[in-house]
Every structure is written in C-alpha cells, then in structure tokens.
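Undergrad: Contents of data02.txt (compact mmCIF, C-alpha atoms):
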```
# COMPACT_ATOMS: atom_id res chain seq x y z
CA MET G 1 0.00 0.00 0.00
CA GLU G 2 1.99 2.94 -1.37
CA ASP G 3 0.28 5.80 0.51
CA VAL G 4 0.99 4.37 3.98
CA LYS G 5 3.13 6.74 6.08
CA TYR G 6 3.76 4.40 9.01
CA ASP G 7 2.71 0.77 8.78
CA VAL G 8 1.48 -1.38 11.67
CA SER G 9 4.93 -2.34 12.98
CA ASP G 10 6.68 0.98 12.18
CA MET G 11 7.73 3.25 15.03
CA PRO G 12 7.90 7.04 14.38
CA LYS G 13 10.64 9.17 15.94
CA PRO G 14 9.91 10.25 19.56
CA GLY G 15 8.71 13.77 18.77
CA MET G 16 6.47 12.59 15.94
CA LEU G 17 5.27 9.65 18.05
CA PHE G 18 4.11 11.97 20.83
CA GLY G 19 2.23 14.27 18.44
CA LEU G 20 0.53 11.42 16.60
CA SER G 21 -0.41 9.74 19.88
CA PHE G 22 -1.91 12.98 21.22
CA GLN G 23 -4.06 13.17 18.09
CA HIS G 24 -5.50 9.73 18.88
CA LEU G 25 -6.04 10.84 22.48
CA PHE G 26 -8.19 13.75 21.27
CA ALA G 27 -10.11 11.47 18.93
CA MET G 28 -11.22 9.11 21.70
CA PHE G 29 -11.29 11.62 24.57
CA GLY G 30 -14.76 13.11 24.16
CA SER G 31 -16.60 9.79 23.92
CA THR G 32 -14.50 7.99 26.52
CA VAL G 33 -15.16 10.57 29.24
CA LEU G 34 -18.76 11.21 28.16
CA VAL G 35 -19.91 7.68 29.07
CA PRO G 36 -18.82 7.84 32.74
CA ILE G 37 -20.21 11.38 33.06
CA LEU G 38 -23.59 10.16 31.79
CA VAL G 39 -23.53 7.21 34.18
CA GLY G 40 -22.15 8.97 37.26
CA ILE G 41 -18.64 7.48 37.35
CA ASN G 42 -15.44 9.49 37.79
CA PRO G 43 -14.16 10.11 34.22
CA ALA G 44 -10.55 9.87 35.40
CA ILE G 45 -11.15 6.19 36.15
CA ALA G 46 -12.49 5.65 32.62
CA LEU G 47 -9.47 7.45 31.17
CA PHE G 48 -7.12 5.25 33.21
CA SER G 49 -8.87 1.98 32.31
CA SER G 50 -9.10 2.88 28.61
CA GLY G 51 -5.33 3.34 28.47
CA LEU G 52 -4.58 0.25 30.53
CA GLY G 53 -7.14 -1.79 28.58
CA THR G 54 -5.62 -0.67 25.27
CA LEU G 55 -2.16 -1.76 26.37
CA ALA G 56 -3.61 -5.12 27.44
CA HIS G 57 -5.39 -5.49 24.07
CA LEU G 58 -2.19 -4.72 22.18
CA THR G 59 -0.34 -7.31 24.27
CA VAL G 60 -2.95 -10.06 23.76
CA THR G 61 -3.01 -9.40 20.01
CA ARG G 62 0.81 -9.48 19.94
CA TYR G 63 1.06 -5.84 18.87
CA LYS G 64 -0.40 -6.68 15.47
CA ILE G 65 -3.68 -4.67 15.56
CA PRO G 66 -3.80 -0.86 15.96
CA ALA G 67 -7.02 -0.69 18.03
CA TYR G 68 -7.82 1.75 20.84
CA MET G 69 -10.21 0.69 23.62
CA GLY G 70 -12.61 3.37 24.85
CA SER G 71 -15.79 3.53 26.94
CA SER G 72 -18.69 1.65 25.33
CA PHE G 73 -22.02 3.41 24.75
CA ALA G 74 -23.90 0.12 24.43
CA TYR G 75 -23.95 -0.38 28.19
CA ILE G 76 -25.11 3.14 29.19
CA ALA G 77 -28.78 2.39 29.85
CA ALA G 78 -27.94 -0.74 31.85
CA MET G 79 -25.27 1.09 33.86
CA GLN G 80 -27.55 4.04 34.62
CA SER G 81 -30.22 1.68 35.94
CA LEU G 82 -27.73 -0.36 37.99
CA MET G 83 -26.09 2.76 39.47
CA LYS G 84 -29.50 3.88 40.79
CA SER G 85 -30.48 0.49 42.19
CA ASP G 86 -27.26 -1.22 43.33
CA GLY G 87 -24.31 1.13 42.79
CA ILE G 88 -20.86 0.82 41.25
CA ALA G 89 -20.21 -2.70 42.58
CA ALA G 90 -23.06 -4.05 40.44
CA VAL G 91 -21.81 -2.16 37.38
CA ALA G 92 -18.32 -3.57 37.95
CA GLN G 93 -19.62 -7.13 38.12
CA GLY G 94 -21.66 -6.57 34.96
CA ALA G 95 -18.60 -5.21 33.14
CA ILE G 96 -16.49 -8.19 34.21
CA ALA G 97 -19.29 -10.56 33.11
CA GLY G 98 -19.32 -8.90 29.67
CA GLY G 99 -15.55 -9.35 29.42
CA LEU G 100 -15.85 -13.01 30.37
CA VAL G 101 -18.43 -13.47 27.58
CA TYR G 102 -15.78 -12.24 25.13
CA LEU G 103 -13.23 -14.69 26.54
CA VAL G 104 -15.65 -17.62 26.32
CA VAL G 105 -16.54 -16.77 22.71
CA ALA G 106 -12.81 -16.42 21.95
CA LEU G 107 -12.27 -19.97 23.21
CA ILE G 108 -15.18 -21.26 21.13
CA VAL G 109 -13.85 -19.48 18.03
CA ARG G 110 -10.40 -20.94 18.64
CA PHE G 111 -11.68 -24.53 18.65
CA ALA G 112 -14.85 -24.35 16.54
CA GLY G 113 -14.23 -21.58 14.03
CA ASN G 114 -16.44 -18.50 13.61
CA ALA G 115 -19.05 -19.54 11.04
CA TRP G 116 -21.71 -19.94 13.77
CA ILE G 117 -21.57 -16.23 14.73
CA ASP G 118 -23.37 -15.12 11.57
CA LYS G 119 -26.14 -17.62 12.31
CA VAL G 120 -26.69 -16.33 15.85
CA LEU G 121 -26.34 -12.62 15.00
CA PRO G 122 -27.53 -12.02 11.43
CA PRO G 123 -28.03 -8.43 10.18
CA ILE G 124 -31.81 -8.55 10.76
CA VAL G 125 -31.11 -9.05 14.49
CA VAL G 126 -28.03 -6.83 14.84
CA GLY G 127 -29.45 -3.80 12.99
CA PRO G 128 -32.59 -3.34 15.16
CA ILE G 129 -30.59 -3.99 18.35
CA ILE G 130 -28.19 -1.16 17.49
CA ILE G 131 -31.18 1.08 16.72
CA VAL G 132 -32.56 0.22 20.16
CA ILE G 133 -29.23 1.12 21.80
CA GLY G 134 -29.49 4.62 20.35
CA LEU G 135 -33.21 5.33 20.68
CA SER G 136 -33.61 3.89 24.18
CA LEU G 137 -31.47 6.80 25.39
CA ALA G 138 -33.21 9.51 23.34
CA THR G 139 -35.46 10.73 26.16
CA THR G 140 -32.53 11.09 28.55
CA ALA G 141 -30.55 13.16 26.03
CA VAL G 142 -33.44 15.51 25.25
CA ASN G 143 -34.35 15.96 28.93
CA ASP G 144 -30.74 16.91 29.72
CA VAL G 145 -31.04 19.72 27.20
CA MET G 146 -34.45 21.00 28.33
CA TYR G 147 -34.70 20.57 32.08
CA LYS G 148 -32.91 21.58 35.26
CA ASN G 149 -34.23 19.82 38.36
CA GLY G 150 -37.41 18.93 36.46
CA GLN G 151 -38.12 22.51 35.36
CA TYR G 152 -37.92 23.77 31.76
CA ASN G 153 -34.81 25.95 31.42
CA THR G 154 -34.24 28.25 28.43
CA ALA G 155 -30.53 28.77 29.17
CA TYR G 156 -30.02 25.00 29.21
CA LEU G 157 -31.84 24.71 25.88
CA VAL G 158 -29.61 27.37 24.27
CA VAL G 159 -26.42 25.72 25.51
CA GLY G 160 -27.63 22.26 24.46
CA LEU G 161 -28.62 23.30 20.94
CA VAL G 162 -25.42 25.30 20.40
CA THR G 163 -23.43 22.22 21.45
CA LEU G 164 -25.45 19.96 19.13
CA PHE G 165 -25.12 22.19 16.08
CA SER G 166 -21.42 22.76 16.77
CA VAL G 167 -20.87 19.00 16.58
CA VAL G 168 -22.83 18.90 13.31
CA LEU G 169 -20.93 21.83 11.74
CA PHE G 170 -17.50 20.52 12.77
CA ASN G 171 -18.39 17.11 11.41
CA ILE G 172 -19.73 18.34 8.07
CA PHE G 173 -17.46 21.29 7.30
CA GLY G 174 -14.34 20.46 9.30
CA LYS G 175 -11.15 19.59 7.46
CA LYS G 176 -8.44 17.12 8.41
CA ILE G 177 -8.22 16.60 12.19
CA VAL G 178 -11.20 18.91 12.87
CA ALA G 179 -13.46 16.45 11.08
CA VAL G 180 -12.12 13.62 13.24
CA ILE G 181 -12.79 15.26 16.63
CA PRO G 182 -16.17 17.04 16.21
CA ILE G 183 -17.44 15.68 19.56
CA LEU G 184 -14.51 17.11 21.52
CA LEU G 185 -14.73 20.46 19.70
CA GLY G 186 -18.51 20.61 20.16
CA LEU G 187 -18.03 19.94 23.89
CA ILE G 188 -15.51 22.79 24.11
CA VAL G 189 -17.83 25.22 22.28
CA GLY G 190 -20.81 24.27 24.45
CA TYR G 191 -18.73 24.63 27.61
CA LEU G 192 -17.49 28.08 26.59
CA VAL G 193 -21.04 29.22 25.73
CA ALA G 194 -22.24 28.03 29.15
CA VAL G 195 -19.42 30.01 30.80
CA ALA G 196 -20.24 33.08 28.68
CA ILE G 197 -23.92 32.96 29.65
CA GLY G 198 -22.85 32.96 33.29
CA ALA G 199 -20.49 35.90 32.76
CA VAL G 200 -23.05 38.01 30.85
CA THR G 201 -26.29 37.20 32.71
CA GLY G 202 -25.01 36.14 36.12
CA TYR G 203 -26.87 32.83 35.78
CA GLN G 204 -24.14 30.30 36.56
CA ILE G 205 -24.36 27.06 34.59
CA VAL G 206 -20.75 25.96 35.18
CA ASP G 207 -19.42 25.45 38.71
CA PHE G 208 -15.63 25.93 38.92
CA SER G 209 -15.33 25.36 42.67
CA GLY G 210 -14.29 21.73 42.22
CA VAL G 211 -11.60 22.66 39.69
CA VAL G 212 -10.15 25.34 41.98
CA SER G 213 -9.97 23.02 45.00
CA ALA G 214 -8.68 19.95 43.12
CA PRO G 215 -4.95 19.11 43.42
CA TRP G 216 -2.76 18.96 40.34
CA LEU G 217 -1.65 15.41 41.08
CA GLN G 218 -4.15 12.87 42.40
CA VAL G 219 -4.55 9.10 42.26
CA PRO G 220 -7.86 8.27 40.50
CA ASP G 221 -10.62 7.35 42.94
CA TRP G 222 -10.65 3.71 41.88
CA ASP G 223 -13.48 1.45 42.99
CA ILE G 224 -11.46 -1.75 42.99
CA ILE G 225 -14.20 -4.26 43.71
CA PHE G 226 -11.98 -6.92 45.29
CA LEU G 227 -10.48 -4.40 47.75
CA ASP G 228 -13.19 -1.83 48.41
CA TYR G 229 -16.25 -4.04 48.87
CA SER G 230 -17.27 -7.03 50.92
CA PHE G 231 -18.17 -9.56 48.28
CA LYS G 232 -21.79 -9.63 47.22
CA LEU G 233 -23.06 -11.20 44.03
CA TYR G 234 -25.37 -9.15 41.79
CA PRO G 235 -27.02 -11.72 39.48
CA SER G 236 -29.36 -9.12 37.94
CA ALA G 237 -26.36 -6.97 36.94
CA ILE G 238 -24.61 -9.95 35.39
CA LEU G 239 -27.73 -11.06 33.49
CA THR G 240 -28.40 -7.51 32.34
CA MET G 241 -24.93 -6.58 31.06
CA ALA G 242 -23.49 -9.91 29.89
CA PRO G 243 -25.85 -10.26 26.85
CA ILE G 244 -24.89 -6.75 25.67
CA ALA G 245 -21.41 -8.14 24.99
CA PHE G 246 -22.90 -9.96 21.98
CA VAL G 247 -24.01 -6.59 20.61
CA THR G 248 -20.62 -4.92 21.03
CA MET G 249 -19.05 -8.03 19.50
CA THR G 250 -20.69 -7.19 16.19
CA GLU G 251 -19.12 -3.73 16.42
CA HIS G 252 -15.79 -5.43 17.06
CA PHE G 253 -16.15 -7.59 13.92
CA GLY G 254 -16.94 -4.50 11.87
CA HIS G 255 -13.92 -2.60 13.17
CA VAL G 256 -11.60 -5.51 12.41
CA MET G 257 -12.97 -5.67 8.86
CA VAL G 258 -12.35 -1.93 8.39
CA LEU G 259 -8.80 -2.30 9.71
CA ASN G 260 -8.28 -5.21 7.31
CA SER G 261 -9.27 -2.96 4.44
CA LEU G 262 -7.11 -0.03 5.59
CA THR G 263 -3.94 -2.00 6.27
CA GLY G 264 -4.22 -4.61 3.54
CA ARG G 265 -4.06 -7.42 6.11
CA ASP G 266 -6.37 -10.15 7.36
CA PHE G 267 -6.46 -9.82 11.14
CA PHE G 268 -9.07 -12.59 11.31
CA LYS G 269 -6.22 -14.94 10.40
CA ASP G 270 -3.23 -13.22 12.01
CA PRO G 271 -3.31 -12.85 14.98
CA GLY G 272 -6.77 -14.46 14.62
CA LEU G 273 -10.32 -13.60 15.70
CA ASP G 274 -9.79 -15.54 18.93
CA HIS G 275 -6.96 -13.15 19.87
CA THR G 276 -8.88 -10.01 18.94
CA LEU G 277 -11.91 -11.12 20.98
CA ALA G 278 -9.71 -12.13 23.90
CA GLY G 279 -8.03 -8.72 23.77
CA ASP G 280 -11.40 -6.99 24.07
CA GLY G 281 -12.40 -9.35 26.87
CA VAL G 282 -9.26 -8.79 28.95
CA ALA G 283 -9.59 -5.01 28.50
CA GLN G 284 -13.20 -5.12 29.67
CA VAL G 285 -12.38 -7.26 32.71
CA ILE G 286 -9.68 -4.73 33.66
CA ALA G 287 -12.24 -1.92 33.36
CA GLY G 288 -14.63 -3.79 35.64
CA ILE G 289 -11.96 -4.46 38.26
CA PHE G 290 -11.23 -0.73 38.54
CA GLY G 291 -14.92 0.27 38.57
CA ALA G 292 -14.83 1.85 35.09
CA PRO G 293 -17.36 1.54 32.23
CA PRO G 294 -16.90 -1.45 29.87
CA VAL G 295 -14.65 -0.71 26.91
CA THR G 296 -14.77 -1.49 23.22
CA SER G 297 -12.64 -0.80 20.15
CA TYR G 298 -13.13 2.77 18.91
CA GLY G 299 -14.19 3.77 15.43
CA GLU G 300 -13.02 7.34 16.15
CA ASN G 301 -9.42 6.18 16.21
CA ILE G 302 -9.92 4.09 13.09
CA GLY G 303 -11.14 7.33 11.48
CA VAL G 304 -7.86 9.02 12.42
CA MET G 305 -5.91 6.19 10.81
CA ALA G 306 -8.02 6.36 7.66
CA LEU G 307 -7.31 10.09 7.47
CA ASN G 308 -3.56 10.18 8.08
CA LYS G 309 -2.57 6.72 6.75
CA ILE G 310 -0.63 5.99 9.94
CA TYR G 311 -1.37 2.52 11.33
CA SER G 312 1.46 2.14 13.83
CA VAL G 313 0.57 0.14 16.96
CA TYR G 314 3.20 2.21 18.78
CA VAL G 315 1.21 5.38 18.13
CA ILE G 316 -1.84 3.69 19.67
CA ALA G 317 0.27 2.52 22.62
CA GLY G 318 1.55 6.08 23.05
CA ALA G 319 -2.03 7.39 23.23
CA ALA G 320 -2.79 4.77 25.88
CA VAL G 321 0.21 5.78 28.00
CA ILE G 322 -0.78 9.47 27.78
CA ALA G 323 -4.36 8.60 28.80
CA VAL G 324 -3.11 6.76 31.90
CA GLY G 325 -0.87 9.73 32.77
CA MET G 326 -3.69 12.27 32.38
CA SER G 327 -5.90 10.28 34.77
CA PHE G 328 -3.52 11.24 37.60
CA ILE G 329 -3.97 15.00 37.01
CA GLY G 330 -6.63 16.01 39.55
CA LYS G 331 -7.61 19.28 37.88
CA VAL G 332 -8.29 17.49 34.59
CA SER G 333 -10.68 15.13 36.37
CA ALA G 334 -12.42 18.03 38.15
CA LEU G 335 -12.68 20.01 34.90
CA LEU G 336 -14.33 17.04 33.19
CA GLN G 337 -16.83 16.71 36.04
CA SER G 338 -17.71 20.41 35.76
CA ILE G 339 -19.11 19.94 32.24
CA PRO G 340 -22.76 21.06 32.55
CA THR G 341 -25.72 18.79 31.84
CA PRO G 342 -27.01 20.62 28.71
CA VAL G 343 -23.60 20.25 27.03
CA ILE G 344 -23.70 16.52 27.67
CA GLY G 345 -27.31 16.45 26.43
CA GLY G 346 -26.47 18.23 23.17
CA ILE G 347 -23.63 15.84 22.44
CA SER G 348 -25.79 12.88 23.41
CA ILE G 349 -28.51 13.79 20.90
CA ALA G 350 -25.95 13.59 18.09
CA LEU G 351 -24.21 10.47 19.38
CA PHE G 352 -27.31 8.44 20.19
CA GLY G 353 -28.87 9.39 16.87
CA VAL G 354 -25.74 8.28 15.02
CA ILE G 355 -25.81 4.96 16.89
CA ALA G 356 -29.43 4.39 15.85
CA ALA G 357 -28.68 5.42 12.27
CA SER G 358 -25.78 2.97 12.10
CA GLY G 359 -28.29 0.22 12.86
CA LEU G 360 -30.36 1.39 9.89
CA LYS G 361 -27.19 1.36 7.80
CA ILE G 362 -26.65 -2.32 8.57
CA LEU G 363 -30.18 -3.13 7.37
CA VAL G 364 -29.72 -1.10 4.18
CA GLU G 365 -26.25 -2.44 3.34
CA ASN G 366 -27.45 -6.02 3.75
CA GLN G 367 -30.56 -5.32 1.63
CA ILE G 368 -32.94 -6.76 4.21
CA ASP G 369 -36.28 -7.65 2.60
CA PHE G 370 -39.10 -6.48 4.89
CA ASP G 371 -41.69 -8.08 2.66
CA LYS G 372 -40.64 -11.32 4.35
CA LYS G 373 -42.77 -11.85 7.44
CA LYS G 374 -39.90 -13.24 9.51
CA ASN G 375 -37.75 -10.15 8.96
CA LEU G 376 -40.65 -7.82 9.65
CA LEU G 377 -41.66 -9.56 12.89
CA VAL G 378 -38.16 -10.01 14.28
CA SER G 379 -37.19 -6.38 13.73
CA SER G 380 -40.53 -5.01 14.94
CA ILE G 381 -40.49 -6.96 18.19
CA ILE G 382 -36.84 -6.05 18.91
CA LEU G 383 -37.61 -2.35 18.39
CA VAL G 384 -40.75 -2.20 20.53
CA THR G 385 -39.45 -4.36 23.40
CA GLY G 386 -36.11 -2.54 23.45
CA ILE G 387 -37.28 1.07 23.11
CA GLY G 388 -40.31 0.39 25.30
CA GLY G 389 -38.05 -1.01 28.02
CA LEU G 390 -39.54 -4.46 28.46
CA ILE G 391 -38.32 -6.01 31.72
CA LEU G 392 -37.91 -9.74 32.29
CA GLN G 393 -38.07 -10.29 36.05
CA VAL G 394 -37.80 -13.69 37.69
CA GLN G 395 -37.42 -14.05 41.46
CA GLY G 396 -35.88 -10.63 41.86
CA LEU G 397 -33.62 -10.86 38.80
CA ALA G 398 -34.35 -8.10 36.28
CA ILE G 399 -33.16 -8.09 32.66
CA THR G 400 -33.99 -4.77 31.05
CA GLY G 401 -33.87 -2.81 27.82
CA VAL G 402 -31.26 -3.78 25.27
CA ALA G 403 -30.50 -7.14 26.92
CA THR G 404 -34.16 -8.22 26.79
CA SER G 405 -34.63 -7.25 23.15
CA THR G 406 -31.33 -8.95 22.23
CA ILE G 407 -32.39 -12.24 23.83
CA ILE G 408 -35.87 -12.11 22.29
CA GLY G 409 -34.50 -11.21 18.86
CA ILE G 410 -31.96 -14.06 18.84
CA LEU G 411 -34.56 -16.59 19.98
CA LEU G 412 -37.19 -15.42 17.50
CA TYR G 413 -34.78 -15.58 14.57
CA GLN G 414 -33.85 -19.16 15.46
CA ILE G 415 -37.45 -20.30 16.11
CA LEU G 416 -39.38 -18.71 13.25
CA PRO G 417 -39.19 -20.64 9.95
CA ASP G 418 -37.66 -19.17 6.83
CA GLU G 419 -40.14 -18.49 4.05
CA GLN G 420 -39.79 -20.71 1.04
```
Translate the structure of the given file into structure tokens.

TA:
Amino acid sequence: MEDVKYDVSDMPKPGMLFGLSFQHLFAMFGSTVLVPILVGINPAIALFSSGLGTLAHLTVTRYKIPAYMGSSFAYIAAMQSLMKSDGIAAVAQGAIAGGLVYLVVALIVRFAGNAWIDKVLPPIVVGPIIIVIGLSLATTAVNDVMYKNGQYNTAYLVVGLVTLFSVVLFNIFGKKIVAVIPILLGLIVGYLVAVAIGAVTGYQIVDFSGVVSAPWLQVPDWDIIFLDYSFKLYPSAILTMAPIAFVTMTEHFGHVMVLNSLTGRDFFKDPGLDHTLAGDGVAQVIAGIFGAPPVTSYGENIGVMALNKIYSVYVIAGAAVIAVGMSFIGKVSALLQSIPTPVIGGISIALFGVIAASGLKILVENQIDFDKKKNLLVSSIILVTGIGGLILQVQGLAITGVATSTIIGILLYQILPDEQ
C-alpha cells in the first residue's frame, strides 16, 4: 500500500510519536469521558482503564492490531439503571461478566471456528438492536437539554442546541483533524457558551469550585471491587450486562474488517479472531476491576488512521500511555466533572442518533427484505421491546432494555421458519 506513512509495525521518531499519539487521544477523549459522566462514574477512572485496557489489548493481540479501547455506549442504559439500584459494585460485576463473555466466545472461536456467529447474530437481528441502543437513550438526552431539576430551562436549551449544532458543523465542514474530533470540539464550544452565559447574565451554569480546590496530582478514585467491597453477588447486573457483549461483538467484527481494508491485512487470520476477541475481553475485565465503564474498540481512532494513513501500533500505545498519565492530574478530572448537563445532552442527541442510524445502515447495506414476514416480525419486536423497556423479572432478577430485546431477537430468529 503505497500511501501508507507508518505501517502497523513501524515506530515514528519520539517527537512525531508523541504528536501522533496525542491526536488519537483527542479522537477518543470526548466519547471515553462522556460515558462515565452520563452514568455517574469518575471520568478519570475511565481514562485510566481505557489506556490500561488498550495496552492489554495490544499485548494479547501481539502488537499486530492498531485498536484503541474506549468507553462503550452500548452499556449506558444498563449502567444508569444499575447505578440507581445497586451502585458501582453491580456495574463492575456486569462489566467483568461482559468481558468473560468475550473470553468464552474467543475460546469457542479458537476450537470451533467462527461460522456460527453469523447464524446467531444475522443483520436482521443486529441492525434493530443497534437502533434500540441509540433510541432507548433519546429521552434522557433531550431531557438533559431541556430541564434543570425537572423545570424547563431556556438557558439550558440554548447551551444544548449550540453544542449539538457545533458538533454537526464541525463534522460536516471540518477539514483534516477537525473532522475527526467534532465531539470534543462541540463539547468545548458548548462549555465556553455556558461560561459566557454565566459571565453576561449572572446565571451560573458551570461550577468551577471543584476545579479550583482539586490538586494537580491525584490518584484516580478507583473502585477496585476486590479491595473496596465485601463480596456480594449481583445476578441481575450480570444477566443484564453480559448479553450486551454480543451486541458490542458485532461492532468489534466490523472494526476488524475496516482495519483489514485499511492496512491490507487479514487480522481474522493473524493474529486471529480468537486473539482479537480475547483482547477486548481482557480489557473489559480490567475496566470492571477498577470500577470503570466497559470498553470497546473505537471507530473514532480508526477514522484518524483512515485520514492520516498511519497505522502504527506504537502510536496507539503512546495514546494509551498518555491517557493513563492524564488520569492522575486532579484538575483534569475536576474540569471534566464540571461539564454542565445541557452540554452533555447536546452531544448525546448527536451520538445516540448516530448509533441508531448505524443500525439502519446495517439493514440497508445487507438489503434486508421487509416483505418477508420473519424479517418484519423479528425487527418489529426487537424495536418495541427494546425502546419500550420491556423487563424480564424472575425471582428478583431483572433483565432490562437492550438485553431483553437482544435475547428475544436471537430466539425469534432461530425459532421462526424461513419463508420458502
């Protein structure tokens, strides 16, 4: 591939390496810290676990795949519910369970091949599930833009809409790196507008007190489940979050296929799908141990590679090391936590909508025929049960939202007969 600047195993010079790694840090930064903010987890912990998880992924895949591991949006609804009912310990167990699902599937793939995956998760099941992931969070995003403490707030609405349209404009009209980091730039614009409204009107939307009092150097407030909690099993958390791993797995397959195309390699063969899945699983288990959101490979960083034609695993590793280092800067953590709700809401509207639209894209690209009753019924039931929030509760165990619709969709597809 003649236009490649640095191939997978190439290492740039130190100065260039730092700059290229920082670019990847910016690409993943907005989304990686947004997930814990939405859920109520310290973003510094997510930053730390994303870097550590990426280094673990690179190690498991023998430094052959340039993939960055960032906070996964697929688990947001489940995590928000678990944080309200059981707290961070339940979320941690759910994250670890999701990672173990990856490791089990990796073992199966190693010994049985991967042909069965397409049978369990065909496009007609995967597409609607991804739509559900996006649309199930739509109300939360819109409410964050409109309301403060349950009351309609015009200042919030202005900040939220400015943030949203900034993301859109940067994404559509931005050139080079600007087009790769529209979320981060939109967050910055929204934050500055919120500060400006406070300066002009006296109505304070941003609270800087935490930033002022925070130390420069601070160990992230880890919630290490094996050290900080007396052991208690949360079966409902495990049953709620573990099935979502099958959804993020489809995202993983897609990212590997894109990387295959970009680099001219076949990562399904070398290092092998079992290694790539195991890498994701180990990274997710690490995230759970430290009380961080589950992680997944990031399309944002693949976008950077597609733009600059630099596929070096050492650049990705550099971004991971910088992320770990930044998690120890107390003022950075406090600044992230000071981001106001309407800014998060404006970004969320764009992100959740894009997630839902990517589900539609899967259906369109695979030319799904909705004149077939099986396709129509499977997709319809997944959408209504998922967006409607159908709960399966048995003896105190509750499986909600995305997990329920995923299980129902998989079962329906296997049970209903194909039309002749």

Undergrad: So how far away is CA of Gly87 in chain G from CA of Gln151 in chain G, in Å?

TA: 26.5 Å

Undergrad: Find the nearest atom pair between each residue of range 268-352 of chain G and range 131-143 of chain G for residues within 9 Å, count only C-alpha atoms, give distances in Å to one decimal, sort rows by chain and ascending number, and present the table as CSV.

TA:
```
residue,atom,partner,partner_atom,distance
G:Pro342,CA,G:Ala141,CA,8.7
G:Ile344,CA,G:Ala141,CA,7.8
G:Gly345,CA,G:Ala141,CA,4.6
G:Gly346,CA,G:Ala141,CA,7.1
G:Ile347,CA,G:Ala141,CA,8.2
G:Ser348,CA,G:Ala141,CA,5.4
G:Ile349,CA,G:Ala141,CA,5.6
G:Leu351,CA,G:Gly134,CA,7.9
G:Phe352,CA,G:Gly134,CA,4.4
```

Undergrad: Range 48-149 of chain G near range 242-260 of chain G within 9 Å: what's each residue's closest atom pair and its distance in Å to one decimal, counting all atoms listed in the file, ordered by chain then ascending residue number, as CSV?

TA:
```
residue,atom,partner,partner_atom,distance
G:Ile65,CA,G:Leu259,CA,8.1
G:Pro66,CA,G:Leu259,CA,8.1
G:Ala67,CA,G:His255,CA,8.7
G:Ser72,CA,G:Thr248,CA,8.1
G:Ala74,CA,G:Thr248,CA,6.9
G:Tyr75,CA,G:Ile244,CA,6.9
G:Gly94,CA,G:Ala242,CA,6.3
G:Ala95,CA,G:Ala242,CA,7.5
G:Ile96,CA,G:Ala242,CA,8.4
G:Ala97,CA,G:Ala242,CA,5.3
G:Gly98,CA,G:Ala242,CA,4.3
G:Gly99,CA,G:Ala245,CA,7.4
G:Leu100,CA,G:Ala242,CA,8.3
G:Val101,CA,G:Ala242,CA,6.6
G:Tyr102,CA,G:Ala245,CA,7.0
G:Leu121,CA,G:Thr250,CA,7.9
G:Val126,CA,G:Val247,CA,7.0
G:Ile129,CA,G:Val247,CA,7.4
G:Ile130,CA,G:Val247,CA,7.5
```

Undergrad: Show which residues sit within 7 Å of range 301-304 of chain G, as a list in words. Count all atoms listed in the file, and ignore same-chain residues fewer than 5 positions away.

TA: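 The residues satisfying every condition are His24, Ala27, Met28, Tyr68 and Val180 of chain G.
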
Undergrad: Report, in Å to a single decimal, how far apart CA of Gly288 in chain G and CA of Leu392 in chain G are.

TA: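 Here the two named atoms are 24.3 Å from each other.
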
Undergrad: Tell me which protein, DNA and RNA residues are within 10 Å of Leu336 in chain G, counting all atoms listed in the file, leaving out same-chain ones fewer than 6 positions away, and put them as number ranges by chain.

TA: G: 30, 33-34, 37, 42-44, 211

Undergrad: Could you write out that same residue set with C-alpha atoms as a compact mmCIF listing (two decimals), keeping the file's coordinate frame?

TA:
```txt
# COMPACT_ATOMS: atom_id res chain seq x y z
CA GLY G 30 -14.76 13.11 24.16
CA VAL G 33 -15.16 10.57 29.24
CA LEU G 34 -18.76 11.21 28.16
CA ILE G 37 -20.21 11.38 33.06
CA ASN G 42 -15.44 9.49 37.79
CA PRO G 43 -14.16 10.11 34.22
CA ALA G 44 -10.55 9.87 35.40
CA VAL G 211 -11.60 22.66 39.69
```

Undergrad: Could you give me, as JSON, numbers by chain, the residues within 7 Å of range 201-207 of chain G, counting all atoms listed in the file and dropping anything in the same chain fewer than 6 positions from it?

TA: {"G": [194, 195, 338, 339, 340]}

Undergrad: Record the distance separating CA of Asn171 in chain G and CA of Leu185 in chain G, expressed in Å with one decimal.

TA: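 One can read the CA of Asn171 in chain G to CA of Leu185 in chain G distance as 9.7 Å.
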